[in-house]
Structure formats: C-alpha cells, structure tokens
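K.L.:
Data: work22.txt, compact mmCIF, C-alpha atoms and all ligand atoms.
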```
# COMPACT_ATOMS: atom_id res chain seq x y z
CA MET U 3 76.28 126.40 246.93
CA HIS U 4 80.04 126.94 246.87
CA PRO U 5 81.88 126.10 243.67
CA THR U 6 85.05 124.14 244.30
CA ILE U 7 86.33 124.81 240.79
CA SER U 8 86.00 127.87 238.57
CA THR U 9 86.76 127.84 234.84
CA ASP U 10 85.80 129.33 231.47
CA ILE U 11 84.44 126.17 229.82
CA CYS U 12 83.42 123.03 231.64
CA ILE U 13 83.67 120.06 229.30
CA ILE U 14 81.50 117.07 230.18
CA GLY U 15 83.25 113.99 228.82
CA ALA U 16 86.96 113.19 228.53
CA GLY U 17 86.64 111.20 225.31
CA PRO U 18 88.77 112.15 222.29
CA VAL U 19 86.41 114.96 221.33
CA GLY U 20 86.22 116.49 224.82
CA LEU U 21 90.03 116.34 225.07
CA PHE U 22 90.56 118.02 221.70
CA ALA U 23 88.06 120.71 222.71
CA VAL U 24 90.56 121.68 225.44
CA PHE U 25 93.13 122.33 222.68
CA GLU U 26 90.80 124.40 220.52
CA ALA U 27 89.58 126.41 223.53
CA GLY U 28 93.18 126.81 224.71
CA LEU U 29 94.17 128.43 221.41
CA LEU U 30 91.59 131.10 222.28
CA LYS U 31 93.04 131.38 225.79
CA LEU U 32 89.96 129.84 227.36
CA ARG U 33 90.58 127.67 230.45
CA CYS U 34 88.88 124.28 230.61
CA HIS U 35 87.87 121.87 233.33
CA VAL U 36 86.96 118.36 232.17
CA VAL U 37 84.62 116.03 234.06
CA ASP U 38 84.12 112.35 233.33
CA ALA U 39 82.11 109.67 235.07
CA LEU U 40 84.89 107.17 234.33
CA PRO U 41 88.04 107.08 236.46
CA GLN U 42 90.25 107.48 233.36
CA VAL U 43 90.30 109.75 230.30
CA GLY U 44 89.68 108.52 226.74
CA GLY U 45 85.95 107.71 226.59
CA GLN U 46 85.10 104.77 224.32
CA LEU U 47 88.72 104.51 223.15
CA SER U 48 90.03 103.73 226.64
CA GLU U 49 86.99 101.83 227.87
CA ILE U 50 86.07 99.71 224.83
CA TYR U 51 88.97 99.43 222.38
CA PRO U 52 92.32 100.77 223.69
CA LYS U 53 94.36 98.19 221.73
CA LYS U 54 92.50 98.51 218.41
CA PRO U 55 94.19 100.39 215.55
CA ILE U 56 92.27 103.34 214.07
CA TYR U 57 92.91 104.11 210.40
CA ASP U 58 90.93 107.31 209.75
CA ILE U 59 92.70 109.92 211.88
CA PRO U 60 94.29 112.47 209.51
CA GLY U 61 98.07 112.23 209.48
CA TYR U 62 98.14 108.83 211.17
CA PRO U 63 97.96 105.91 208.71
CA GLU U 64 97.39 103.75 211.79
CA VAL U 65 97.21 104.59 215.49
CA LEU U 66 96.17 102.53 218.50
CA ALA U 67 93.15 104.04 220.25
CA GLY U 68 95.08 104.15 223.55
CA ASP U 69 98.02 105.92 221.87
CA LEU U 70 95.71 108.51 220.29
CA ILE U 71 94.40 109.37 223.75
CA GLN U 72 97.95 109.65 225.13
CA ASN U 73 98.86 111.98 222.25
CA LEU U 74 95.77 114.11 222.85
CA MET U 75 96.75 114.42 226.52
CA ARG U 76 100.24 115.56 225.47
CA GLN U 77 98.76 118.01 222.97
CA ILE U 78 96.60 119.72 225.61
CA GLU U 79 99.31 119.83 228.30
CA PRO U 80 100.34 123.44 227.50
CA PHE U 81 96.84 124.59 228.45
CA HIS U 82 96.92 123.01 231.92
CA PRO U 83 93.37 121.65 231.89
CA THR U 84 92.04 120.41 235.21
CA PHE U 85 90.06 117.20 235.63
CA THR U 86 87.39 115.69 237.85
CA LEU U 87 87.35 111.97 237.05
CA GLY U 88 85.06 109.26 238.36
CA GLU U 89 82.17 111.68 238.91
CA ARG U 90 79.09 111.92 236.73
CA VAL U 91 77.63 115.37 236.08
CA GLU U 92 74.06 115.15 237.33
CA ARG U 93 72.70 118.62 236.59
CA PHE U 94 73.52 122.22 235.86
CA GLU U 95 71.99 125.51 236.95
CA LYS U 96 72.05 128.76 235.02
CA LEU U 97 72.94 131.71 237.27
CA GLU U 98 71.56 135.23 236.96
CA ASP U 99 74.68 136.53 235.20
CA GLY U 100 74.36 133.82 232.53
CA SER U 101 77.15 131.63 233.93
CA PHE U 102 76.59 128.09 235.19
CA HIS U 103 77.02 125.76 238.12
CA LEU U 104 77.53 122.10 237.26
CA ILE U 105 76.93 119.59 240.01
CA THR U 106 78.35 116.07 240.05
CA ALA U 107 77.07 112.94 241.79
CA ASP U 108 79.65 113.55 244.53
CA ASP U 109 78.43 117.15 244.97
CA THR U 110 81.48 118.76 243.35
CA VAL U 111 80.34 122.17 242.07
CA ILE U 112 82.02 123.70 239.02
CA HIS U 113 81.43 127.30 238.09
CA CYS U 114 81.86 128.08 234.37
CA LYS U 115 80.92 130.60 231.72
CA ALA U 116 80.03 128.00 229.08
CA ILE U 117 79.31 124.28 229.03
CA CYS U 118 80.52 121.89 226.35
CA ILE U 119 78.81 118.51 226.45
CA ALA U 120 81.11 115.91 224.88
CA GLY U 121 79.31 113.01 226.51
CA GLY U 122 79.59 110.50 223.65
CA LEU U 123 77.01 107.76 223.90
CA GLY U 124 76.34 108.87 227.47
CA SER U 125 77.93 107.84 230.71
CA PHE U 126 79.08 104.29 231.06
CA GLU U 127 76.91 102.39 233.51
CA PRO U 128 78.12 99.12 235.04
CA ARG U 129 76.40 95.86 234.13
CA LYS U 130 75.32 94.66 237.55
CA PRO U 131 74.93 90.96 238.35
CA ALA U 132 71.46 89.91 239.50
CA ILE U 133 72.22 89.41 243.20
CA GLU U 134 69.59 90.17 245.81
CA ASN U 135 70.33 93.27 247.95
CA LEU U 136 73.51 94.11 246.03
CA GLU U 137 72.50 97.80 245.84
CA SER U 138 72.37 98.10 249.62
CA TYR U 139 76.17 97.70 249.75
CA GLU U 140 76.87 100.35 247.10
CA GLY U 141 78.08 103.82 248.07
CA GLY U 142 81.23 102.74 249.93
CA ARG U 143 79.68 99.84 251.89
CA GLY U 144 81.60 97.09 250.14
CA VAL U 145 80.35 96.72 246.55
CA TYR U 146 82.25 98.56 243.79
CA TYR U 147 81.60 98.32 240.05
CA MET U 148 84.79 100.12 239.05
CA VAL U 149 88.12 100.78 240.71
CA ARG U 150 88.47 104.52 241.13
CA ASP U 151 91.31 104.41 243.64
CA PRO U 152 93.16 101.12 244.24
CA GLU U 153 94.12 102.38 247.72
CA THR U 154 90.49 101.81 248.77
CA PHE U 155 91.36 98.11 248.81
CA ARG U 156 94.72 98.26 250.61
CA ASP U 157 95.07 95.32 253.04
CA GLN U 158 91.49 94.20 252.36
CA ARG U 159 90.10 90.78 251.52
CA ILE U 160 88.48 91.27 248.13
CA VAL U 161 86.50 89.20 245.65
CA ILE U 162 86.57 90.22 241.98
CA ALA U 163 84.05 88.66 239.58
CA GLY U 164 84.34 88.57 235.78
CA GLY U 165 86.32 87.06 232.94
CA GLY U 166 87.22 90.03 230.75
CA ASP U 167 90.17 92.41 230.64
CA SER U 168 89.04 94.58 233.56
CA ALA U 169 88.63 91.61 235.90
CA LEU U 170 92.03 90.21 234.91
CA ASP U 171 93.90 93.54 234.96
CA TRP U 172 92.54 94.54 238.37
CA THR U 173 93.21 91.07 239.79
CA ILE U 174 96.85 91.44 238.75
CA PHE U 175 97.16 95.00 240.06
CA LEU U 176 95.28 94.52 243.33
CA ALA U 177 97.26 91.35 244.13
CA GLY U 178 99.98 93.77 245.16
CA VAL U 179 97.67 96.01 247.19
CA ALA U 180 95.00 93.91 248.90
CA LYS U 181 95.59 91.33 251.65
CA GLU U 182 93.68 88.59 249.83
CA VAL U 183 92.36 88.55 246.25
CA THR U 184 89.88 85.97 244.95
CA LEU U 185 88.86 86.00 241.29
CA VAL U 186 85.54 84.28 240.58
CA HIS U 187 84.68 83.46 236.97
CA ARG U 188 81.68 81.55 235.68
CA GLY U 189 83.70 79.79 232.94
CA THR U 190 87.03 78.03 232.72
CA THR U 191 88.61 80.23 230.06
CA PHE U 192 88.92 84.01 230.09
CA ARG U 193 87.67 86.46 227.46
CA GLY U 194 90.42 88.95 228.33
CA ALA U 195 93.92 89.13 226.82
CA ALA U 196 95.76 85.79 226.85
CA ASP U 197 98.88 87.26 228.49
CA SER U 198 96.77 88.73 231.33
CA ALA U 199 95.07 85.36 231.87
CA GLU U 200 98.55 83.80 231.95
CA LYS U 201 99.71 86.32 234.59
CA VAL U 202 96.67 85.56 236.76
CA LYS U 203 97.45 81.84 236.55
CA HIS U 204 101.07 82.54 237.61
CA LEU U 205 99.83 84.61 240.56
CA HIS U 206 97.50 81.75 241.49
CA ASP U 207 100.35 79.20 241.28
CA ALA U 208 102.48 81.50 243.47
CA GLY U 209 99.68 81.60 246.07
CA LYS U 210 99.03 85.31 245.57
CA VAL U 211 95.55 85.04 244.04
CA ASN U 212 92.70 82.60 244.70
CA LEU U 213 91.06 81.47 241.48
CA VAL U 214 87.51 80.10 241.62
CA LEU U 215 86.36 78.96 238.17
CA SER U 216 83.01 77.62 236.92
CA SER U 217 81.35 79.62 239.71
CA ASN U 218 79.36 82.75 240.40
CA VAL U 219 78.93 85.04 243.38
CA THR U 220 75.28 84.50 244.21
CA HIS U 221 74.67 86.13 247.60
CA VAL U 222 76.04 89.05 249.60
CA HIS U 223 75.83 89.30 253.38
CA GLY U 224 76.35 91.80 256.17
CA PRO U 225 74.06 93.76 258.50
CA ASP U 226 75.20 97.16 257.19
CA ALA U 227 78.53 96.96 255.37
CA LEU U 228 79.46 93.90 253.31
CA GLU U 229 80.96 91.09 255.39
CA ALA U 230 80.75 87.96 253.23
CA VAL U 231 79.79 86.58 249.83
CA THR U 232 78.46 83.19 248.84
CA ILE U 233 80.00 81.57 245.79
CA THR U 234 77.95 78.91 244.00
CA ALA U 235 79.72 76.51 241.66
CA ASN U 236 78.10 75.34 238.43
CA ASP U 237 77.59 71.90 240.11
CA GLY U 238 75.44 73.61 242.80
CA SER U 239 77.94 73.41 245.69
CA THR U 240 78.36 76.61 247.72
CA ARG U 241 80.94 78.22 249.98
CA THR U 242 80.86 81.47 251.92
CA LEU U 243 83.89 83.75 252.05
CA ASN U 244 84.47 86.58 254.52
CA VAL U 245 85.36 89.69 252.52
CA ASP U 246 85.69 93.44 252.87
CA SER U 247 84.88 94.28 249.24
CA PHE U 248 83.22 92.68 246.25
CA ILE U 249 84.09 94.07 242.80
CA PRO U 250 81.86 92.70 240.01
CA LEU U 251 83.48 93.70 236.68
CA PHE U 252 81.07 92.65 233.94
CA GLY U 253 81.65 95.59 231.62
CA LEU U 254 80.07 98.98 231.20
CA THR U 255 77.31 100.04 228.81
CA PRO U 256 76.84 103.66 227.76
CA LYS U 257 73.50 105.28 228.66
CA LEU U 258 72.46 108.85 227.89
CA GLY U 259 71.84 109.23 231.63
CA PRO U 260 71.11 112.62 233.20
CA ILE U 261 71.95 114.60 230.01
CA GLY U 262 68.52 113.53 228.72
CA GLU U 263 66.82 115.39 231.58
CA TRP U 264 68.52 118.77 231.26
CA GLY U 265 65.76 120.37 229.17
CA LEU U 266 67.88 120.40 225.99
CA GLU U 267 66.16 119.73 222.69
CA LEU U 268 66.79 116.06 221.85
CA ALA U 269 66.28 113.76 218.89
CA ASP U 270 66.97 110.01 218.88
CA ASP U 271 68.69 110.11 222.29
CA ALA U 272 71.10 112.80 221.10
CA VAL U 273 71.31 116.58 221.63
CA LYS U 274 70.14 118.72 218.72
CA VAL U 275 72.67 121.38 217.72
CA ASP U 276 73.10 124.26 215.31
CA THR U 277 76.05 123.38 213.06
CA LEU U 278 77.10 127.05 212.99
CA ASP U 279 78.76 126.62 216.38
CA TYR U 280 77.32 123.39 217.82
CA SER U 281 75.16 125.33 220.26
CA THR U 282 72.19 123.59 221.84
CA SER U 283 68.75 125.00 222.56
CA VAL U 284 70.16 126.55 225.79
CA PRO U 285 72.43 129.60 225.16
CA GLY U 286 75.94 128.98 226.46
CA VAL U 287 75.58 125.19 226.28
CA TYR U 288 77.28 123.38 223.37
CA ALA U 289 77.31 119.70 222.37
CA ILE U 290 80.00 118.00 220.28
CA GLY U 291 81.04 114.48 219.30
CA ASP U 292 78.82 111.39 219.44
CA ILE U 293 76.34 113.07 221.81
CA ASN U 294 74.97 115.52 219.23
CA THR U 295 72.76 115.19 216.19
CA TYR U 296 72.17 117.29 213.07
CA PRO U 297 71.39 116.51 209.42
CA GLY U 298 74.27 114.47 208.02
CA LYS U 299 75.84 113.68 211.41
CA LEU U 300 78.62 111.07 211.31
CA LYS U 301 79.69 109.54 214.62
CA LEU U 302 83.40 109.72 213.86
CA ILE U 303 86.30 111.11 215.89
CA LEU U 304 87.35 113.20 212.88
CA CYS U 305 83.95 114.94 212.78
CA GLY U 306 84.04 115.54 216.54
CA PHE U 307 87.42 117.29 216.18
CA HIS U 308 85.97 119.69 213.58
CA GLU U 309 82.97 120.34 215.84
CA ALA U 310 85.33 121.13 218.73
CA ALA U 311 87.01 123.90 216.69
CA LEU U 312 83.72 125.59 215.81
CA MET U 313 82.35 125.11 219.34
CA ALA U 314 85.38 126.92 220.80
CA GLN U 315 84.80 129.89 218.49
CA GLY U 316 81.11 129.95 219.48
CA ALA U 317 81.89 129.72 223.21
CA TYR U 318 84.46 132.53 222.85
CA LYS U 319 81.83 134.79 221.27
CA HIS U 320 79.34 133.83 223.99
CA ILE U 321 81.81 134.62 226.79
CA PHE U 322 83.24 137.77 225.17
CA PRO U 323 80.40 139.16 223.03
CA ASP U 324 82.25 142.47 222.48
CA LYS U 325 85.66 141.06 221.55
CA LYS U 326 86.61 140.38 217.95
CA TYR U 327 88.54 137.18 217.35
CA VAL U 328 91.01 136.93 214.49
CA LEU U 329 91.94 133.38 213.44
CA LYS U 330 95.65 132.69 213.95
CA TYR U 331 97.44 129.66 212.57
CA THR U 332 99.40 127.57 215.07
CA THR U 333 102.23 127.46 212.50
CA VAL U 334 102.50 131.25 212.78
CA ASN U 335 101.46 131.83 216.35
CA GLY U 336 102.69 128.62 218.00
CA VAL U 337 100.67 127.23 220.85
CA PRO U 338 100.08 130.03 223.34
CA THR U 339 100.03 128.90 226.96
CA LEU U 340 97.46 129.90 229.52
P1 LIG U 401 83.13 109.15 224.01
O1 LIG U 401 84.39 108.56 223.51
O2 LIG U 401 81.94 108.26 224.10
O3 LIG U 401 83.40 109.80 225.44
C1 LIG U 401 82.34 110.39 226.14
C2 LIG U 401 82.67 110.44 227.60
O4 LIG U 401 81.66 111.22 228.26
C3 LIG U 401 82.67 109.09 228.29
O5 LIG U 401 83.93 108.85 228.87
C4 LIG U 401 81.55 109.18 229.34
O6 LIG U 401 81.89 108.52 230.56
C5 LIG U 401 81.45 110.69 229.55
N1 LIG U 401 80.13 111.13 230.04
C6 LIG U 401 78.93 110.99 229.47
N2 LIG U 401 77.95 111.53 230.22
C7 LIG U 401 78.58 112.05 231.31
C8 LIG U 401 78.12 112.74 232.47
N3 LIG U 401 76.82 113.03 232.67
N4 LIG U 401 79.04 113.11 233.40
C9 LIG U 401 80.36 112.82 233.23
N5 LIG U 401 80.84 112.16 232.15
C10 LIG U 401 79.95 111.79 231.21
N6 LIG U 401 85.49 106.27 215.27
C11 LIG U 401 86.37 106.63 214.29
O7 LIG U 401 86.42 107.81 213.91
N7 LIG U 401 87.21 105.70 213.73
C12 LIG U 401 87.22 104.38 214.12
O8 LIG U 401 87.96 103.56 213.58
C13 LIG U 401 86.33 103.98 215.17
N8 LIG U 401 86.30 102.72 215.62
C14 LIG U 401 85.46 102.37 216.65
C15 LIG U 401 85.50 101.06 217.14
C16 LIG U 401 84.66 100.70 218.19
C17 LIG U 401 84.71 99.29 218.72
C18 LIG U 401 83.76 101.65 218.75
C19 LIG U 401 82.85 101.27 219.88
C20 LIG U 401 83.72 102.95 218.25
C21 LIG U 401 84.57 103.33 217.20
N9 LIG U 401 84.56 104.63 216.70
C22 LIG U 401 85.45 104.99 215.72
C23 LIG U 401 83.65 105.67 217.22
C24 LIG U 401 84.39 106.58 218.19
O9 LIG U 401 84.92 105.80 219.26
C25 LIG U 401 83.47 107.66 218.74
O10 LIG U 401 83.03 108.43 217.64
C26 LIG U 401 84.21 108.55 219.73
O11 LIG U 401 84.58 107.81 220.86
C27 LIG U 401 83.33 109.72 220.14
O12 LIG U 401 84.10 110.48 221.03
P2 LIG U 401 83.38 111.40 222.13
O13 LIG U 401 84.50 112.12 222.81
O14 LIG U 401 82.30 112.18 221.49
O15 LIG U 401 82.65 110.39 223.12
```
In structure tokens, how does this file's structure come out?
P.N.:
Amino acid sequence: MHPTISTDICIIGAGPVGLFAVFEAGLLKLRCHVVDALPQVGGQLSEIYPKKPIYDIPGYPEVLAGDLIQNLMRQIEPFHPTFTLGERVERFEKLEDGSFHLITADDTVIHCKAICIAGGLGSFEPRKPAIENLESYEGGRGVYYMVRDPETFRDQRIVIAGGGDSALDWTIFLAGVAKEVTLVHRGTTFRGAADSAEKVKHLHDAGKVNLVLSSNVTHVHGPDALEAVTITANDGSTRTLNVDSFIPLFGLTPKLGPIGEWGLELADDAVKVDTLDYSTSVPGVYAIGDINTYPGKLKLILCGFHEAALMAQGAYKHIFPDKKYVLKYTTVNGVPTL
C-alpha cells in the first residue's frame, strides 16, 4: 500500500472542531491533513445551517455559521493544511512503528503519526429516494447524491430532484454548465430560500431550466449506465426523459458510519475519551468535538475548541515522547508558520 499523502496528524472531519485542531496542532509545528466525506469544509455548519447566527462563540456576539467557517479557514492558512474532500475514511491500520495508514472510500492512503477523529455526528449520508435499481447506477454510472465536481456534468442532460436549498442552488449553478437541466419537485412551492426559488423561476422563464412540479422521478433506465428517467406526476401521468445524470438532492443525515467499526471503545454511538488529552482506547488516536463522549460532555463548538487544544498537546507528546513542550502564548510568540 503506497501512501499518497504523508503528515503528522490526520484529522477526520472538516467541521469547526477539526479545522480549529489544525490551528492548535500548527502552534506546535505539527502538520495536518484533513479528510471529509463532504465536498466542502464546515461540517454541520456548512451542511445544515450556514445562514444561521451563532451567539455562543467567545468574542463574537453574533456570527453566521458560514462566516465562522470562513474565519476558521483564514485562521489556519499560515499552517498550510492539506485537504482530501468528498472521500469518507473507511478504515485505518496501525503500522509496526506505531504510525498509521488511513484509507478512504476512493482508496486514498494517508500516512500519519497520530489520528484525530473530529467526525461530529458521523458522516453525512444522502437520503435516497425509493426507486428500484437506483443503486446500480451509483459509482459514476449516472446517479449522484451530491455534486463533488460540477465539471462532471458539463454538456450533459441532467435531472435534479428536490425542493430544498441544495436542489435550487445546484439547479442555478449547473444551468451554466450542463446542456439541459430539469428540476423535478413533488410540490409546487420550494422549501429552499425564496430568492433561490425566484432565480430558478427566472431561469425557467428564460428557457434555461425545465421545471417539472407536482411530480417525482419514479424509474431509472439503462442497460449499464443511466440513459433515461421516468417522471410521474401527482395525477398519475408519466413521461420518460433521456438523461446522462440524475441528481436526487433530498438532504443528508449524519450516521456514525465506519468509525463505529474501528475497534474504539464506544458509548451511545460516540467514542469514549480520556479528558486528559482526548485520547481514545487506541494509543495515538484522539477524538474531539461531537463525536466523543465523557462525563459532562456538551455538544458545543466552544467545548470542541477546548478539546482541540488539549488533543494537540497529547498528540505532540505521543509523536515526540522525549521532547518537552513549553506553552507559548500567541500574543508573545505570534503564529509560527510551518
Ligand atoms: P461536525 O460539524 O459534525 O463535522 C464533522 C465532519 O466529519 C462532517 O463534515 C462529516 O462529514 C465528517 N466525517 C464524519 N465521519 C467521517 C469519515 N468517516 N470520513 C470522513 N469524514 C467524516 N453549537 C454551538 O456551539 N452553538 C450553536 O448555536 C449551535 N447551533 C446549532 C444549530 C443547529 C441547527 C445544529 C444542527 C447544531 C448546532 N450546534 C451549535 C452544534 C454544532 O453544530 C456542533 O457541536 C458542531 O458542528 C460540532 O463540530 P464537529 O467539528 O465536532 O462536527
């Protein structure tokens, strides 16, 4: 197995806590690589509530979740973290010298000296519509539950299904990329932002998007790759559309996923940790943020930030057992770069 990436700490999860862990590790001159199953950073804040204000981040009387993530990205810039996005970590192996290989669903191998699991509520899994044989077109054969790279759909005929923000936002964006975009929604009004719904209607009026309301995609066809979908209206009438890709966007739900099978001590679907340094039952593996549990645990961003600081100290001692670390204030020392 050949690692494609080599780093000091591999952080699983690019939510707020995983991102801040890069900062705390960076202060100790530890390099980080961050992996997330989602195509973007920010965890729950980007996926569930980017436009909601948060009121309990110290020093910010009010900050939009999306802005907090942008600020965290700016804060960790000096440490040049690297990222693998859109790939779920499936497993890890401990090597003879105590270091690790992490392996993603796309077979990316990351070599690291310590692992920090900041996996939140787990990896976000798509809510899949109940359509017969849908799975047989997954894996690049025409059915996609998230848009990792819009270029995949360049000059294609695509059908997007859904009525929330993702369906609306991608309809607007892909209207400028794909050859033909059809948005299918089971209702007549959209759950997503009103201004996005308005933009989709304008694109429809301008002939750039086909809008099929009060309907569902009910069948998928094609001998190997997807070739067509059947759309059934609420009145029972059907039509079949030739397409290259079908993108059902019905939201994502977090599931603990593979982390639950890594042999770590668990309680209530969370990873048990020692609050001294947020180490798990496997030496060299740490867990911070919503993914961990200990007496008095609060699933708050603030608490995850504190855990990140202690985790970094613990990982430093694990990687350099003979070195003595002296705490230095950033006000005195600045932010050292890697
Ligand atoms: P997450 O944000 O959940 O990020 C974890 C990331 O790990 C995800 O992106 C996931 O895809 C990834 N991941 C998981 N498993 C894998 C894997 N195997 N491979 C690759 N990637 C993986 N908290 C507050 O402090 N204040 C608030 O006001 C507040 N409001 C909230 C409002 C809402 C609507 C919700 C839902 C939550 C709110 N929270 C709030 C809670 C807060 O969002 C969480 O505490 C915070 O997101 C935890 O951050 P995290 O980095 O631990 O995990």
K.L.:
Please identify every residue of chain U that has at least one atom no farther than 6 Å from an atom of ligand LIG 401 (chain U), counting only C-alpha atoms and all ligand atoms, and for each give the shortest atom pair and the distance in Å to one decimal, arranged by chain then increasing number, as CSV.
P.N.:
```
residue,atom,partner,partner_atom,distance
U:Ile14,CA,U:LIG401,N5,5.3
U:Gly15,CA,U:LIG401,O4,3.2
U:Ala16,CA,U:LIG401,C2,5.2
U:Gly17,CA,U:LIG401,O13,3.4
U:Pro18,CA,U:LIG401,O13,4.3
U:Val19,CA,U:LIG401,O13,3.7
U:Gly20,CA,U:LIG401,O13,5.1
U:Val37,CA,U:LIG401,C9,5.4
U:Asp38,CA,U:LIG401,N5,3.5
U:Ala39,CA,U:LIG401,N5,4.0
U:Leu40,CA,U:LIG401,O6,5.0
U:Gly45,CA,U:LIG401,O5,3.3
U:Gln46,CA,U:LIG401,O1,3.9
U:Leu47,CA,U:LIG401,O9,5.6
U:Tyr51,CA,U:LIG401,C17,5.6
U:Ile56,CA,U:LIG401,O8,4.3
U:Tyr57,CA,U:LIG401,O8,5.9
U:Asp58,CA,U:LIG401,N7,5.7
U:Arg90,CA,U:LIG401,N4,3.5
U:Val91,CA,U:LIG401,N4,3.8
U:Glu92,CA,U:LIG401,N3,5.8
U:Ala120,CA,U:LIG401,O14,5.2
U:Gly121,CA,U:LIG401,O4,3.4
U:Gly122,CA,U:LIG401,O15,3.1
U:Leu123,CA,U:LIG401,O2,5.0
U:Gly124,CA,U:LIG401,C6,3.9
U:Ser125,CA,U:LIG401,C6,3.5
U:Phe126,CA,U:LIG401,O6,5.1
U:Pro260,CA,U:LIG401,N3,5.7
U:Ile261,CA,U:LIG401,N3,5.8
U:Gly291,CA,U:LIG401,O14,3.4
U:Asp292,CA,U:LIG401,O14,4.1
U:Lys301,CA,U:LIG401,O10,4.6
U:Leu302,CA,U:LIG401,O7,3.6
U:Ile303,CA,U:LIG401,O7,3.9
U:Leu304,CA,U:LIG401,O7,5.6
```
K.L.:
Might you pull out every residue within 9 Å of Lys181 (chain U), with all atoms listed in the file counted and same-chain residues fewer than 4 positions away left off, and present them as JSON, numbers by chain?
P.N.:
{"U": [155, 156, 157, 158, 159, 160, 176, 177]}
K.L.:
Counting only C-alpha atoms, which of U:Val222, U:Val149, U:Leu21, U:Leu29 gets nearest to Gln72 (chain U)?
P.N.:
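Nearest candidate to Gln72 (chain U) out of U:Val222, U:Val149, U:Leu21, U:Leu29: U:Leu21.
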K.L.:
Kindly indicate which residue among U:Pro83, U:Gly238, U:Pro63, U:Gly316 lies nearest to Leu340 (chain U), using all atoms listed in the file for the distances.
P.N.:
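When distances to Leu340 (chain U) are compared using all atoms listed in the file, the smallest one comes from U:Pro83.
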K.L.:
Counting all atoms listed in the file, which of U:Gly44, U:Gly28, U:Gly265, U:Pro55 gets nearest to Gln77 (chain U)?
P.N.:
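The closest residue to Gln77 (chain U) is U:Gly28.
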K.L.:
List the spatial neighbours of Arg193 (chain U) as a VMD selection string - criterion: any atom at most 12 Å away, only C-alpha atoms, same-chain residues fewer than 3 positions off excluded.
P.N.:
chain U and resid 164 to 170 187 to 190 196 to 199 252 to 253
K.L.:
Next, the residues of the selection above should be written as a PDB file, keeping the file's coordinate frame with C-alpha atoms.
P.N.:
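Full text of part-v2.pdb as output:
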```pdb
ATOM      1  CA  GLY U 164      84.340  88.570 235.780  1.00  0.00           C
ATOM      2  CA  GLY U 165      86.320  87.060 232.940  1.00  0.00           C
ATOM      3  CA  GLY U 166      87.220  90.030 230.750  1.00  0.00           C
ATOM      4  CA  ASP U 167      90.170  92.410 230.640  1.00  0.00           C
ATOM      5  CA  SER U 168      89.040  94.580 233.560  1.00  0.00           C
ATOM      6  CA  ALA U 169      88.630  91.610 235.900  1.00  0.00           C
ATOM      7  CA  LEU U 170      92.030  90.210 234.910  1.00  0.00           C
ATOM      8  CA  HIS U 187      84.680  83.460 236.970  1.00  0.00           C
ATOM      9  CA  ARG U 188      81.680  81.550 235.680  1.00  0.00           C
ATOM     10  CA  GLY U 189      83.700  79.790 232.940  1.00  0.00           C
ATOM     11  CA  THR U 190      87.030  78.030 232.720  1.00  0.00           C
ATOM     12  CA  ALA U 196      95.760  85.790 226.850  1.00  0.00           C
ATOM     13  CA  ASP U 197      98.880  87.260 228.490  1.00  0.00           C
ATOM     14  CA  SER U 198      96.770  88.730 231.330  1.00  0.00           C
ATOM     15  CA  ALA U 199      95.070  85.360 231.870  1.00  0.00           C
ATOM     16  CA  PHE U 252      81.070  92.650 233.940  1.00  0.00           C
ATOM     17  CA  GLY U 253      81.650  95.590 231.620  1.00  0.00           C
TER      18      GLY U 253
END
```
K.L.:
Go ahead and compute the interatomic distance for CA of Lys330 (chain U) and CA of Arg33 (chain U), in Å to one decimal.
P.N.:
18.0 Å
K.L.:
I'd like the interatomic distance between CA of Ala317 (chain U) and CA of Ala116 (chain U), to a tenth of an Å.
P.N.:
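Taking CA of Ala317 (chain U) and CA of Ala116 (chain U), their separation equals 6.4 Å.
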K.L.:
In terms of the shortest atom-to-atom distance over all atoms listed in the file, which of U:Leu215, U:Ile112, U:Ala180, U:Leu258 is closest to Asp237 (chain U)?
P.N.:
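Between U:Leu215, U:Ile112, U:Ala180, U:Leu258, the residue approaching Asp237 (chain U) most closely is U:Leu215.
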K.L.:
Using Å and a single decimal, report how far CA of Asp279 (chain U) sits from CA of Val334 (chain U).
P.N.:
24.5 Å
